[in-house]
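Coordinates as given in entry31.pdb (PDB, C-alpha atoms):
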ATOM      1  CA  MET A   1     -49.421 -23.647 -20.083
ATOM      2  CA  ALA A   2     -49.274 -20.192 -21.632
ATOM      3  CA  THR A   3     -45.465 -20.315 -21.679
ATOM      4  CA  ALA A   4     -45.557 -23.713 -23.331
ATOM      5  CA  ALA A   5     -47.935 -22.357 -25.936
ATOM      6  CA  ILE A   6     -45.647 -19.410 -26.654
ATOM      7  CA  ASP A   7     -42.583 -21.690 -26.796
ATOM      8  CA  ALA A   8     -44.367 -23.950 -29.252
ATOM      9  CA  HIS A   9     -45.469 -20.933 -31.223
ATOM     10  CA  ASP A  10     -41.914 -19.662 -31.283
ATOM     11  CA  ALA A  11     -40.567 -23.025 -32.402
ATOM     12  CA  HIS A  12     -43.166 -23.132 -35.137
ATOM     13  CA  MET A  13     -42.232 -19.654 -36.254
ATOM     14  CA  GLY A  14     -38.559 -20.513 -36.548
ATOM     15  CA  GLY A  15     -37.433 -19.359 -33.093
ATOM     16  CA  GLU A  16     -37.227 -15.745 -34.194
ATOM     17  CA  HIS A  17     -37.446 -14.227 -30.719
ATOM     18  CA  PRO A  18     -37.633 -15.409 -27.132
ATOM     19  CA  PRO A  19     -41.111 -15.682 -25.587
ATOM     20  CA  THR A  20     -42.677 -12.382 -24.558
ATOM     21  CA  SER A  21     -45.603 -11.681 -22.239
ATOM     22  CA  THR A  22     -47.771 -10.628 -25.189
ATOM     23  CA  GLY A  23     -46.570 -13.353 -27.521
ATOM     24  CA  LEU A  24     -45.677 -10.588 -29.955
ATOM     25  CA  ASN A  25     -42.257  -9.461 -31.070
ATOM     26  CA  ASN A  26     -41.220  -6.529 -28.860
ATOM     27  CA  THR A  27     -39.407  -4.794 -31.739
ATOM     28  CA  LYS A  28     -42.592  -4.816 -33.763
ATOM     29  CA  VAL A  29     -44.634  -3.531 -30.830
ATOM     30  CA  ALA A  30     -42.069  -0.735 -30.439
ATOM     31  CA  ILE A  31     -42.191   0.318 -34.098
ATOM     32  CA  TRP A  32     -46.004   0.412 -34.041
ATOM     33  CA  ALA A  33     -45.897   2.536 -30.858
ATOM     34  CA  PHE A  34     -43.385   4.829 -32.571
ATOM     35  CA  ILE A  35     -45.604   5.083 -35.663
ATOM     36  CA  GLY A  36     -48.519   5.946 -33.367
ATOM     37  CA  SER A  37     -46.494   8.814 -31.884
ATOM     38  CA  GLU A  38     -45.549   9.946 -35.379
ATOM     39  CA  CYS A  39     -49.264  10.305 -36.176
ATOM     40  CA  PHE A  40     -49.398  13.097 -33.563
ATOM     41  CA  PHE A  41     -46.218  14.681 -34.899
ATOM     42  CA  PHE A  42     -47.505  14.942 -38.455
ATOM     43  CA  ALA A  43     -51.007  15.885 -37.258
ATOM     44  CA  SER A  44     -49.500  18.946 -35.554
ATOM     45  CA  LEU A  45     -47.674  19.958 -38.741
ATOM     46  CA  ILE A  46     -50.679  19.324 -40.990
ATOM     47  CA  SER A  47     -53.030  21.251 -38.686
ATOM     48  CA  THR A  48     -50.559  24.171 -38.610
ATOM     49  CA  TYR A  49     -50.514  24.189 -42.417
ATOM     50  CA  LEU A  50     -54.304  24.056 -42.622
ATOM     51  CA  ILE A  51     -54.782  26.792 -40.012
ATOM     52  CA  TYR A  52     -52.416  29.148 -41.872
ATOM     53  CA  ARG A  53     -53.920  28.214 -45.233
ATOM     54  CA  GLY A  54     -55.262  31.236 -47.085
ATOM     55  CA  ARG A  55     -54.063  33.664 -44.394
ATOM     56  CA  SER A  56     -50.870  34.886 -46.065
ATOM     57  CA  PRO A  57     -51.174  38.630 -46.775
ATOM     58  CA  VAL A  58     -48.527  38.412 -49.508
ATOM     59  CA  GLY A  59     -47.745  35.845 -52.208
ATOM     60  CA  PRO A  60     -46.617  33.725 -53.907
ATOM     61  CA  PHE A  61     -49.649  31.523 -53.317
ATOM     62  CA  PRO A  62     -50.019  27.772 -53.905
ATOM     63  CA  HIS A  63     -52.863  27.781 -56.438
ATOM     64  CA  ASP A  64     -53.430  31.426 -57.378
ATOM     65  CA  VAL A  65     -51.587  34.084 -59.369
ATOM     66  CA  TRP A  66     -50.419  37.066 -57.274
ATOM     67  CA  LYS A  67     -49.300  40.510 -58.392
ATOM     68  CA  ASP A  68     -46.939  42.309 -56.022
ATOM     69  CA  PRO A  69     -48.509  45.791 -55.599
ATOM     70  CA  ALA A  70     -45.134  47.360 -54.777
ATOM     71  CA  THR A  71     -43.158  46.098 -57.772
ATOM     72  CA  GLY A  72     -45.924  45.036 -60.157
ATOM     73  CA  HIS A  73     -44.197  41.644 -60.523
ATOM     74  CA  VAL A  74     -46.636  38.815 -61.238
ATOM     75  CA  PHE A  75     -46.069  35.508 -59.427
ATOM     76  CA  LYS A  76     -47.705  32.458 -60.940
ATOM     77  CA  ALA A  77     -49.305  29.697 -58.835
ATOM     78  CA  ILE A  78     -46.342  28.079 -57.159
ATOM     79  CA  LEU A  79     -47.312  24.394 -56.940
ATOM     80  CA  ASN A  80     -46.298  22.144 -59.819
ATOM     81  CA  ILE A  81     -48.925  19.395 -59.754
ATOM     82  CA  PRO A  82     -47.593  17.295 -62.686
ATOM     83  CA  VAL A  83     -44.126  17.013 -61.113
ATOM     84  CA  THR A  84     -45.533  16.220 -57.671
ATOM     85  CA  SER A  85     -47.891  13.630 -59.171
ATOM     86  CA  VAL A  86     -44.908  11.811 -60.659
ATOM     87  CA  SER A  87     -43.014  11.945 -57.337
ATOM     88  CA  THR A  88     -46.123  10.596 -55.577
ATOM     89  CA  PHE A  89     -46.228   7.708 -58.046
ATOM     90  CA  VAL A  90     -42.525   7.056 -57.368
ATOM     91  CA  LEU A  91     -43.151   6.865 -53.615
ATOM     92  CA  LEU A  92     -46.127   4.528 -54.104
ATOM     93  CA  MET A  93     -43.976   2.236 -56.249
ATOM     94  CA  SER A  94     -41.268   2.292 -53.573
ATOM     95  CA  SER A  95     -43.847   0.847 -51.164
ATOM     96  CA  LEU A  96     -44.515  -1.964 -53.651
ATOM     97  CA  ALA A  97     -40.763  -2.635 -53.915
ATOM     98  CA  MET A  98     -40.558  -2.656 -50.102
ATOM     99  CA  VAL A  99     -43.242  -5.331 -49.634
ATOM    100  CA  LEU A 100     -41.572  -7.423 -52.338
ATOM    101  CA  ALA A 101     -38.198  -7.070 -50.542
ATOM    102  CA  HIS A 102     -39.778  -8.227 -47.297
ATOM    103  CA  SER A 103     -41.530 -11.082 -49.035
ATOM    104  CA  ALA A 104     -38.225 -12.172 -50.613
ATOM    105  CA  VAL A 105     -36.454 -12.183 -47.227
ATOM    106  CA  VAL A 106     -39.261 -14.276 -45.704
ATOM    107  CA  ARG A 107     -38.915 -16.778 -48.592
ATOM    108  CA  GLY A 108     -35.132 -16.818 -48.202
ATOM    109  CA  ASP A 109     -34.707 -15.535 -51.767
ATOM    110  CA  ARG A 110     -31.470 -13.567 -51.333
ATOM    111  CA  ARG A 111     -31.141 -12.413 -54.928
ATOM    112  CA  SER A 112     -34.639 -10.899 -55.023
ATOM    113  CA  SER A 113     -34.296  -9.342 -51.574
ATOM    114  CA  LYS A 114     -31.189  -7.440 -52.701
ATOM    115  CA  ILE A 115     -32.852  -6.291 -55.915
ATOM    116  CA  TRP A 116     -36.009  -5.048 -54.182
ATOM    117  CA  LEU A 117     -34.173  -3.417 -51.277
ATOM    118  CA  ALA A 118     -31.985  -1.559 -53.778
ATOM    119  CA  SER A 119     -35.067  -0.615 -55.822
ATOM    120  CA  THR A 120     -36.810   0.792 -52.755
ATOM    121  CA  ALA A 121     -33.758   2.849 -51.789
ATOM    122  CA  ILE A 122     -33.370   4.167 -55.361
ATOM    123  CA  LEU A 123     -37.060   5.096 -55.604
ATOM    124  CA  GLY A 124     -36.840   6.822 -52.195
ATOM    125  CA  ALA A 125     -33.775   8.756 -53.350
ATOM    126  CA  THR A 126     -35.627   9.681 -56.560
ATOM    127  CA  PHE A 127     -38.491  11.080 -54.496
ATOM    128  CA  LEU A 128     -35.955  13.156 -52.548
ATOM    129  CA  GLY A 129     -34.520  14.383 -55.855
ATOM    130  CA  PHE A 130     -37.989  15.568 -56.903
ATOM    131  CA  GLN A 131     -38.368  17.336 -53.567
ATOM    132  CA  ALA A 132     -34.974  19.023 -53.913
ATOM    133  CA  TYR A 133     -35.974  20.180 -57.412
ATOM    134  CA  GLU A 134     -39.306  21.490 -56.108
ATOM    135  CA  PHE A 135     -37.734  23.368 -53.173
ATOM    136  CA  THR A 136     -35.059  24.879 -55.425
ATOM    137  CA  SER A 137     -37.583  26.032 -58.027
ATOM    138  CA  PHE A 138     -39.781  27.568 -55.295
ATOM    139  CA  VAL A 139     -36.839  29.567 -53.958
ATOM    140  CA  HIS A 140     -36.010  30.736 -57.492
ATOM    141  CA  GLU A 141     -39.637  31.799 -57.971
ATOM    142  CA  GLY A 142     -39.560  33.863 -54.761
ATOM    143  CA  LEU A 143     -41.001  31.525 -52.111
ATOM    144  CA  THR A 144     -38.753  30.823 -49.128
ATOM    145  CA  ILE A 145     -39.474  29.728 -45.558
ATOM    146  CA  HIS A 146     -39.488  33.438 -44.574
ATOM    147  CA  THR A 147     -41.715  34.785 -47.379
ATOM    148  CA  ASN A 148     -45.190  34.217 -45.931
ATOM    149  CA  LEU A 149     -47.285  31.885 -43.767
ATOM    150  CA  PHE A 150     -47.745  29.493 -46.677
ATOM    151  CA  GLY A 151     -43.980  29.263 -47.239
ATOM    152  CA  SER A 152     -43.232  28.692 -43.547
ATOM    153  CA  SER A 153     -45.848  25.988 -42.989
ATOM    154  CA  PHE A 154     -45.247  24.343 -46.385
ATOM    155  CA  PHE A 155     -41.473  24.016 -46.034
ATOM    156  CA  ILE A 156     -41.749  22.823 -42.415
ATOM    157  CA  LEU A 157     -44.341  20.150 -43.264
ATOM    158  CA  THR A 158     -42.811  18.818 -46.464
ATOM    159  CA  GLY A 159     -39.278  19.315 -45.123
ATOM    160  CA  PHE A 160     -39.945  17.121 -42.091
ATOM    161  CA  HIS A 161     -41.525  14.526 -44.353
ATOM    162  CA  GLY A 162     -38.430  14.674 -46.575
ATOM    163  CA  ALA A 163     -36.251  14.212 -43.478
ATOM    164  CA  HIS A 164     -38.234  11.055 -42.661
ATOM    165  CA  VAL A 165     -37.751   9.786 -46.224
ATOM    166  CA  THR A 166     -34.011  10.507 -45.909
ATOM    167  CA  ALA A 167     -33.835   8.499 -42.669
ATOM    168  CA  GLY A 168     -35.723   5.686 -44.420
ATOM    169  CA  VAL A 169     -33.315   5.669 -47.371
ATOM    170  CA  ILE A 170     -30.321   5.489 -44.971
ATOM    171  CA  TRP A 171     -32.031   2.603 -43.144
ATOM    172  CA  LEU A 172     -32.700   0.809 -46.459
ATOM    173  CA  VAL A 173     -29.118   1.250 -47.651
ATOM    174  CA  THR A 174     -27.895  -0.160 -44.317
ATOM    175  CA  LEU A 175     -30.147  -3.204 -44.733
ATOM    176  CA  LEU A 176     -28.939  -3.596 -48.313
ATOM    177  CA  PHE A 177     -25.289  -3.614 -47.197
ATOM    178  CA  ILE A 178     -26.065  -6.253 -44.549
ATOM    179  CA  ASP A 179     -27.941  -8.299 -47.157
ATOM    180  CA  ILE A 180     -25.016  -8.083 -49.588
ATOM    181  CA  LYS A 181     -22.428  -8.856 -46.889
ATOM    182  CA  ARG A 182     -24.014 -11.830 -45.175
ATOM    183  CA  GLY A 183     -27.692 -11.982 -46.187
ATOM    184  CA  PHE A 184     -30.834 -12.196 -44.077
ATOM    185  CA  THR A 185     -32.212 -15.552 -43.039
ATOM    186  CA  PRO A 186     -36.016 -15.902 -42.911
ATOM    187  CA  ASP A 187     -35.692 -15.791 -39.096
ATOM    188  CA  GLU A 188     -34.259 -12.279 -39.428
ATOM    189  CA  ALA A 189     -37.146 -11.017 -41.580
ATOM    190  CA  ILE A 190     -38.299  -8.886 -38.650
ATOM    191  CA  ASN A 191     -35.366  -6.515 -39.346
ATOM    192  CA  VAL A 192     -36.751  -5.806 -42.807
ATOM    193  CA  ASP A 193     -40.355  -5.890 -41.569
ATOM    194  CA  VAL A 194     -39.717  -3.069 -39.081
ATOM    195  CA  CYS A 195     -38.060  -0.926 -41.761
ATOM    196  CA  ALA A 196     -40.949  -1.711 -44.126
ATOM    197  CA  LEU A 197     -43.520  -0.524 -41.585
ATOM    198  CA  TYR A 198     -41.644   2.757 -41.172
ATOM    199  CA  TRP A 199     -41.368   3.146 -44.949
ATOM    200  CA  HIS A 200     -45.067   2.513 -45.557
ATOM    201  CA  PHE A 201     -45.942   4.998 -42.834
ATOM    202  CA  VAL A 202     -43.861   7.642 -44.611
ATOM    203  CA  ASP A 203     -45.829   6.736 -47.739
ATOM    204  CA  VAL A 204     -49.243   7.143 -46.078
ATOM    205  CA  VAL A 205     -48.200  10.497 -44.628
ATOM    206  CA  TRP A 206     -47.370  11.616 -48.173
ATOM    207  CA  ILE A 207     -50.776  10.381 -49.373
ATOM    208  CA  ALA A 208     -52.348  12.796 -46.872
ATOM    209  CA  ILE A 209     -49.950  15.648 -47.720
ATOM    210  CA  PHE A 210     -50.469  15.250 -51.469
ATOM    211  CA  THR A 211     -54.214  15.674 -51.088
ATOM    212  CA  LEU A 212     -54.324  18.326 -48.366
ATOM    213  CA  VAL A 213     -51.458  20.518 -49.586
ATOM    214  CA  TYR A 214     -51.260  19.988 -53.343
ATOM    215  CA  LEU A 215     -54.694  19.052 -54.645
ATOM    216  CA  ILE A 216     -57.239  20.818 -52.423
ATOM    217  CA  LYS A 217     -57.489  24.419 -53.641
TER     218      LYS A 217
ATOM    219  CA  MET B   1     -45.840 -14.364 -43.451
ATOM    220  CA  ALA B   2     -44.124 -16.545 -40.949
ATOM    221  CA  ALA B   3     -42.172 -13.782 -39.288
ATOM    222  CA  ASP B   4     -45.120 -12.183 -37.553
ATOM    223  CA  HIS B   5     -46.185 -13.319 -34.119
ATOM    224  CA  SER B   6     -49.784 -12.394 -33.914
ATOM    225  CA  HIS B   7     -51.148 -14.799 -31.385
ATOM    226  CA  ALA B   8     -50.570 -14.507 -27.665
ATOM    227  CA  THR B   9     -52.409 -17.767 -27.074
ATOM    228  CA  LEU B  10     -52.758 -20.397 -29.722
ATOM    229  CA  PRO B  11     -55.581 -22.823 -30.441
ATOM    230  CA  HIS B  12     -55.155 -26.383 -29.211
ATOM    231  CA  ASP B  13     -56.332 -29.613 -30.810
ATOM    232  CA  ALA B  14     -58.133 -32.467 -29.023
ATOM    233  CA  GLU B  15     -54.865 -33.789 -27.556
ATOM    234  CA  GLY B  16     -53.926 -30.362 -26.226
ATOM    235  CA  ASN B  17     -51.222 -29.730 -28.832
ATOM    236  CA  VAL B  18     -50.686 -26.243 -30.112
ATOM    237  CA  SER B  19     -52.104 -25.759 -33.591
ATOM    238  CA  PRO B  20     -50.142 -23.695 -36.094
ATOM    239  CA  PRO B  21     -51.436 -20.153 -36.502
ATOM    240  CA  HIS B  22     -53.137 -19.230 -39.751
ATOM    241  CA  HIS B  23     -51.028 -16.445 -41.282
ATOM    242  CA  THR B  24     -52.224 -15.613 -44.764
ATOM    243  CA  HIS B  25     -50.302 -12.545 -45.792
ATOM    244  CA  PRO B  26     -50.757 -11.305 -49.347
ATOM    245  CA  ASP B  27     -48.749 -12.699 -52.229
ATOM    246  CA  TRP B  28     -47.246 -10.997 -55.290
ATOM    247  CA  GLY B  29     -50.598 -11.011 -57.089
ATOM    248  CA  THR B  30     -52.308  -9.091 -54.285
ATOM    249  CA  TYR B  31     -49.444  -6.599 -54.019
ATOM    250  CA  LYS B  32     -49.610  -6.045 -57.778
ATOM    251  CA  TRP B  33     -53.346  -5.320 -57.671
ATOM    252  CA  VAL B  34     -52.909  -3.017 -54.669
ATOM    253  CA  ALA B  35     -50.206  -1.048 -56.544
ATOM    254  CA  LEU B  36     -52.465  -0.807 -59.608
ATOM    255  CA  ILE B  37     -55.436   0.419 -57.565
ATOM    256  CA  LEU B  38     -53.260   3.000 -55.762
ATOM    257  CA  THR B  39     -51.945   4.261 -59.094
ATOM    258  CA  LEU B  40     -55.440   4.493 -60.597
ATOM    259  CA  ILE B  41     -56.790   6.395 -57.577
ATOM    260  CA  THR B  42     -53.838   8.810 -57.726
ATOM    261  CA  GLY B  43     -54.516   9.330 -61.433
ATOM    262  CA  LEU B  44     -58.180   9.952 -60.668
ATOM    263  CA  GLU B  45     -57.282  12.526 -58.002
ATOM    264  CA  VAL B  46     -55.030  14.442 -60.397
ATOM    265  CA  TRP B  47     -57.629  14.191 -63.201
ATOM    266  CA  ILE B  48     -60.298  15.658 -60.904
ATOM    267  CA  TYR B  49     -57.931  18.512 -60.035
ATOM    268  CA  TYR B  50     -57.906  19.580 -63.700
ATOM    269  CA  ILE B  51     -61.696  19.695 -64.156
ATOM    270  CA  PRO B  52     -62.596  23.356 -63.432
ATOM    271  CA  SER B  53     -66.348  22.704 -63.424
ATOM    272  CA  PHE B  54     -65.874  20.045 -60.737
ATOM    273  CA  THR B  55     -63.345  21.944 -58.595
ATOM    274  CA  ARG B  56     -65.915  24.742 -58.181
ATOM    275  CA  THR B  57     -68.538  22.395 -56.726
ATOM    276  CA  ASN B  58     -68.964  21.404 -53.085
ATOM    277  CA  LEU B  59     -68.130  17.815 -54.038
ATOM    278  CA  PHE B  60     -64.502  18.545 -54.936
ATOM    279  CA  VAL B  61     -62.953  18.542 -51.462
ATOM    280  CA  PRO B  62     -65.003  15.613 -50.049
ATOM    281  CA  THR B  63     -64.201  13.532 -53.154
ATOM    282  CA  LEU B  64     -60.475  14.131 -52.773
ATOM    283  CA  LEU B  65     -60.604  13.398 -49.036
ATOM    284  CA  ILE B  66     -62.482  10.132 -49.620
ATOM    285  CA  LEU B  67     -60.073   9.022 -52.373
ATOM    286  CA  SER B  68     -57.122   9.886 -50.150
ATOM    287  CA  ALA B  69     -58.654   7.974 -47.225
ATOM    288  CA  ILE B  70     -59.162   4.926 -49.469
ATOM    289  CA  LYS B  71     -55.502   5.015 -50.535
ATOM    290  CA  PHE B  72     -54.394   5.482 -46.919
ATOM    291  CA  THR B  73     -56.504   2.523 -45.768
ATOM    292  CA  ILE B  74     -55.331   0.239 -48.585
ATOM    293  CA  VAL B  75     -51.652   0.863 -47.803
ATOM    294  CA  VAL B  76     -52.187   0.353 -44.080
ATOM    295  CA  MET B  77     -54.272  -2.810 -44.502
ATOM    296  CA  PHE B  78     -52.258  -4.584 -47.202
ATOM    297  CA  TYR B  79     -48.716  -3.160 -47.273
ATOM    298  CA  MET B  80     -48.464  -2.646 -43.501
ATOM    299  CA  HIS B  81     -50.291  -5.973 -42.988
ATOM    300  CA  LEU B  82     -52.635  -4.504 -40.398
ATOM    301  CA  LYS B  83     -55.483  -6.557 -41.876
ATOM    302  CA  TYR B  84     -53.639  -9.742 -40.986
ATOM    303  CA  ASP B  85     -51.665  -8.782 -37.879
ATOM    304  CA  ALA B  86     -52.331  -8.773 -34.151
ATOM    305  CA  LYS B  87     -55.069  -6.573 -32.721
ATOM    306  CA  LEU B  88     -52.544  -4.844 -30.468
ATOM    307  CA  PHE B  89     -50.771  -3.415 -33.517
ATOM    308  CA  ARG B  90     -54.100  -2.182 -34.855
ATOM    309  CA  ALA B  91     -54.832  -0.490 -31.522
ATOM    310  CA  LEU B  92     -51.369   1.082 -31.380
ATOM    311  CA  PHE B  93     -51.947   2.676 -34.785
ATOM    312  CA  VAL B  94     -55.667   3.367 -35.025
ATOM    313  CA  GLY B  95     -55.901   4.832 -31.486
ATOM    314  CA  PRO B  96     -53.317   7.621 -32.001
ATOM    315  CA  LEU B  97     -54.485   8.131 -35.597
ATOM    316  CA  THR B  98     -58.067   8.741 -34.427
ATOM    317  CA  LEU B  99     -56.910  11.135 -31.714
ATOM    318  CA  ALA B 100     -54.680  12.946 -34.210
ATOM    319  CA  ALA B 101     -57.586  13.310 -36.666
ATOM    320  CA  PHE B 102     -59.838  14.703 -33.927
ATOM    321  CA  THR B 103     -57.059  17.124 -32.943
ATOM    322  CA  ILE B 104     -56.810  18.440 -36.516
ATOM    323  CA  VAL B 105     -60.591  18.853 -36.795
ATOM    324  CA  GLY B 106     -60.763  20.467 -33.330
ATOM    325  CA  LEU B 107     -58.047  22.972 -34.214
ATOM    326  CA  LEU B 108     -59.779  23.814 -37.500
ATOM    327  CA  PHE B 109     -62.970  24.588 -35.557
ATOM    328  CA  LEU B 110     -60.988  26.582 -32.976
ATOM    329  CA  PHE B 111     -59.365  28.770 -35.631
ATOM    330  CA  GLY B 112     -62.581  29.278 -37.586
ATOM    331  CA  HIS B 113     -61.831  27.163 -40.669
ATOM    332  CA  LEU B 114     -64.768  24.871 -39.887
ATOM    333  CA  LYS B 115     -68.098  26.085 -38.579
ATOM    334  CA  ILE B 116     -71.427  24.626 -37.511
ATOM    335  CA  ASN B 117     -74.348  26.947 -38.185
ATOM    336  CA  PHE B 118     -77.212  26.465 -35.721
TER     337      PHE B 118
END
Could I get this file's structure written as structure tokens?
Amino acid sequence: MATAAIDAHDAHMGGEHPPTSTGLNNTKVAIWAFIGSECFFFASLISTYLIYRGRSPVGPFPHDVWKDPATGHVFKAILNIPVTSVSTFVLLMSSLAMVLAHSAVVRGDRRSSKIWLASTAILGATFLGFQAYEFTSFVHEGLTIHTNLFGSSFFILTGFHGAHVTAGVIWLVTLLFIDIKRGFTPDEAINVDVCALYWHFVDVVWIAIFTLVYLIK
Amino acid sequence: MAADHSHATLPHDAEGNVSPPHHTHPDWGTYKWVALILTLITGLEVWIYYIPSFTRTNLFVPTLLILSAIKFTIVVMFYMHLKYDAKLFRALFVGPLTLAAFTIVGLLFLFGHLKINF
């Protein structure tokens, strides 16, 4: 009876996947389990940053001016909130583009799916551009991964997040190429759905980082 | 959205036939409002950051944490469709997220960043 119910369900849903014991798509279960494990990964990095926060004996510091007693050189507060606010907005808009891409694939609207997938990838790449600019300017201003505890924990945390965004952009570009080459049918929407879940997770991690690292003084 | 399989067992009608599941994922209008709300909250966070009289109060950090949590929840509920999807997905995300949050708070207590004064 349960099998019949799942078969009927599957037929109703367009026969996207064979029946499973949970009635849920195994790929989607896997991506949610992966996202769950990623929560622990980023929690370890965020807690490391918070533990080291305010414990650097030497600057530059994130929100405060620091004068090097040896050289007399004055380092301004290193974080550039206006630039990071714009990059945060870009990442939020990429999430909007991602849901619209998924929605277009579900509707079978191939033109829109290509446009929104490309938009998401471009916005993700733009975010990475902002991060590259930020990292470069920090190095020029005297903050590297070796400088102090703030530099080490900051570059590790935001660097790993940037690596996740990079992986997401590569995934999006791959989906875009497939969409251009042969297109996704509504039955194949799960392929975009899984990528979308990963992308939104990267977005929510940045929401936490933006507040904890950039805004809280 | 028709692509999500959220029901292990489906409701049956009087004749024993399987009834279609009720998937009501958001449409463009909802996504648009969600994006607008997320943008406004982000703007509010940055605005608060530039009010010196407010940043010196004890309300500054809790306000930012609450605004951030609202944004986090909105993205997870609407963009990640957790509001509409199977309970298993919710458990797979909320369970580890809760444990991760407790780990962060526990470590902050352990290293003296948070204290309870008795």
Where does the ChimeraX specification (/B :<7) & /A land in this file, that is, which residues does it pick, as a PyMOL selection string?
chain A and resi 2+5-6+8+13+22-25+29+32-33+35-37+39-40+43+47+51+89+96+99+106+187+189-190+197+200+204+207-208+211+215-216
Could you state the separation of CA of Glu188 (chain A) and CA of Thr27 (chain A) in Å, given to one decimal place?
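Going from CA of Glu188 (chain A) over to CA of Thr27 (chain A), I get 11.9 Å.
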Counting only C-alpha atoms, what is within 9 Å of Ser153 (chain A), bar same-chain residues fewer than 5 positions away, as a PyMOL selection string?
chain A and resi 45-46+48-50+52-53+145+148+158
For Leu100 (chain A), list every protein, DNA or RNA residue within 12 Å, evaluated using all atoms listed in the file, and leave out those in the same chain fewer than 4 positions away; present the list as a PyMOL selection string.
(chain A and resi 93-96+104-107+109-120+192-193+196) or (chain B and resi 26-32+35+79)
How about saving the chosen residues, C-alpha atoms kept, as a compact mmCIF listing (two decimals), in the coordinates of the input?
# COMPACT_ATOMS: atom_id res chain seq x y z
CA MET A 93 -43.98 2.24 -56.25
CA SER A 94 -41.27 2.29 -53.57
CA SER A 95 -43.85 0.85 -51.16
CA LEU A 96 -44.52 -1.96 -53.65
CA ALA A 104 -38.22 -12.17 -50.61
CA VAL A 105 -36.45 -12.18 -47.23
CA VAL A 106 -39.26 -14.28 -45.70
CA ARG A 107 -38.92 -16.78 -48.59
CA ASP A 109 -34.71 -15.54 -51.77
CA ARG A 110 -31.47 -13.57 -51.33
CA ARG A 111 -31.14 -12.41 -54.93
CA SER A 112 -34.64 -10.90 -55.02
CA SER A 113 -34.30 -9.34 -51.57
CA LYS A 114 -31.19 -7.44 -52.70
CA ILE A 115 -32.85 -6.29 -55.92
CA TRP A 116 -36.01 -5.05 -54.18
CA LEU A 117 -34.17 -3.42 -51.28
CA ALA A 118 -31.98 -1.56 -53.78
CA SER A 119 -35.07 -0.62 -55.82
CA THR A 120 -36.81 0.79 -52.76
CA VAL A 192 -36.75 -5.81 -42.81
CA ASP A 193 -40.35 -5.89 -41.57
CA ALA A 196 -40.95 -1.71 -44.13
CA PRO B 26 -50.76 -11.30 -49.35
CA ASP B 27 -48.75 -12.70 -52.23
CA TRP B 28 -47.25 -11.00 -55.29
CA GLY B 29 -50.60 -11.01 -57.09
CA THR B 30 -52.31 -9.09 -54.28
CA TYR B 31 -49.44 -6.60 -54.02
CA LYS B 32 -49.61 -6.04 -57.78
CA ALA B 35 -50.21 -1.05 -56.54
CA TYR B 79 -48.72 -3.16 -47.27
Using the chain letters and residue numbers of this document, give as number ranges by chain the residues selected by the PyMOL selection byres ((chain A and resi 214) around 9).
A: 62-63, 79-81, 84, 209-213, 215-217
Pairwise distance, CA of Phe135 (chain A) with CA of Gly168 (chain A), equals 19.8 Å
Output check: residues returned by the PyMOL selection byres ((chain A and resi 69-72) around 12), as an MDAnalysis selection string:
chainID A and resid 57:59 66:68 73:75
Do you have the CA of Leu82 (chain B)-CA of Ile41 (chain B) distance handy?
20.8 Å
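Among the candidates A:Phe138, A:Asp179, A:His164, A:Ile31, the one nearest to Ala77 (chain A) when counting all atoms listed in the file is A:Phe138.
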Might I get the box with edges along x, y and z of the file that holds all atoms of region 86-94 of chain A listed there, padded by 4 Å on every side, given as centre and edge lengths in Å to one decimal, as AutoDock Vina command-line options?
--center_x -43.7 --center_y 7.1 --center_z -57.1 --size_x 13.0 --size_y 17.7 --size_z 15.1
Give me, as a ChimeraX atom specification, all polymer residues having an atom no more than 9 Å from Leu143 (chain A), counting only C-alpha atoms and skipping those fewer than 6 positions away in the same chain.
/A:59-61,78,135,137,150-151
Selected residue, from B:Lys87, B:Trp47, B:Leu40, B:Phe54, that lies nearest to Ile70 (chain B) when counting all atoms listed in the file:
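Once distances to Ile70 (chain B) are computed over all atoms listed in the file, the minimum belongs to B:Leu40.
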Proximity to Val83 (chain A) - best of A:Val65, A:Ala132, A:Ile156, A:Val173, only C-alpha atoms
A:Ala132
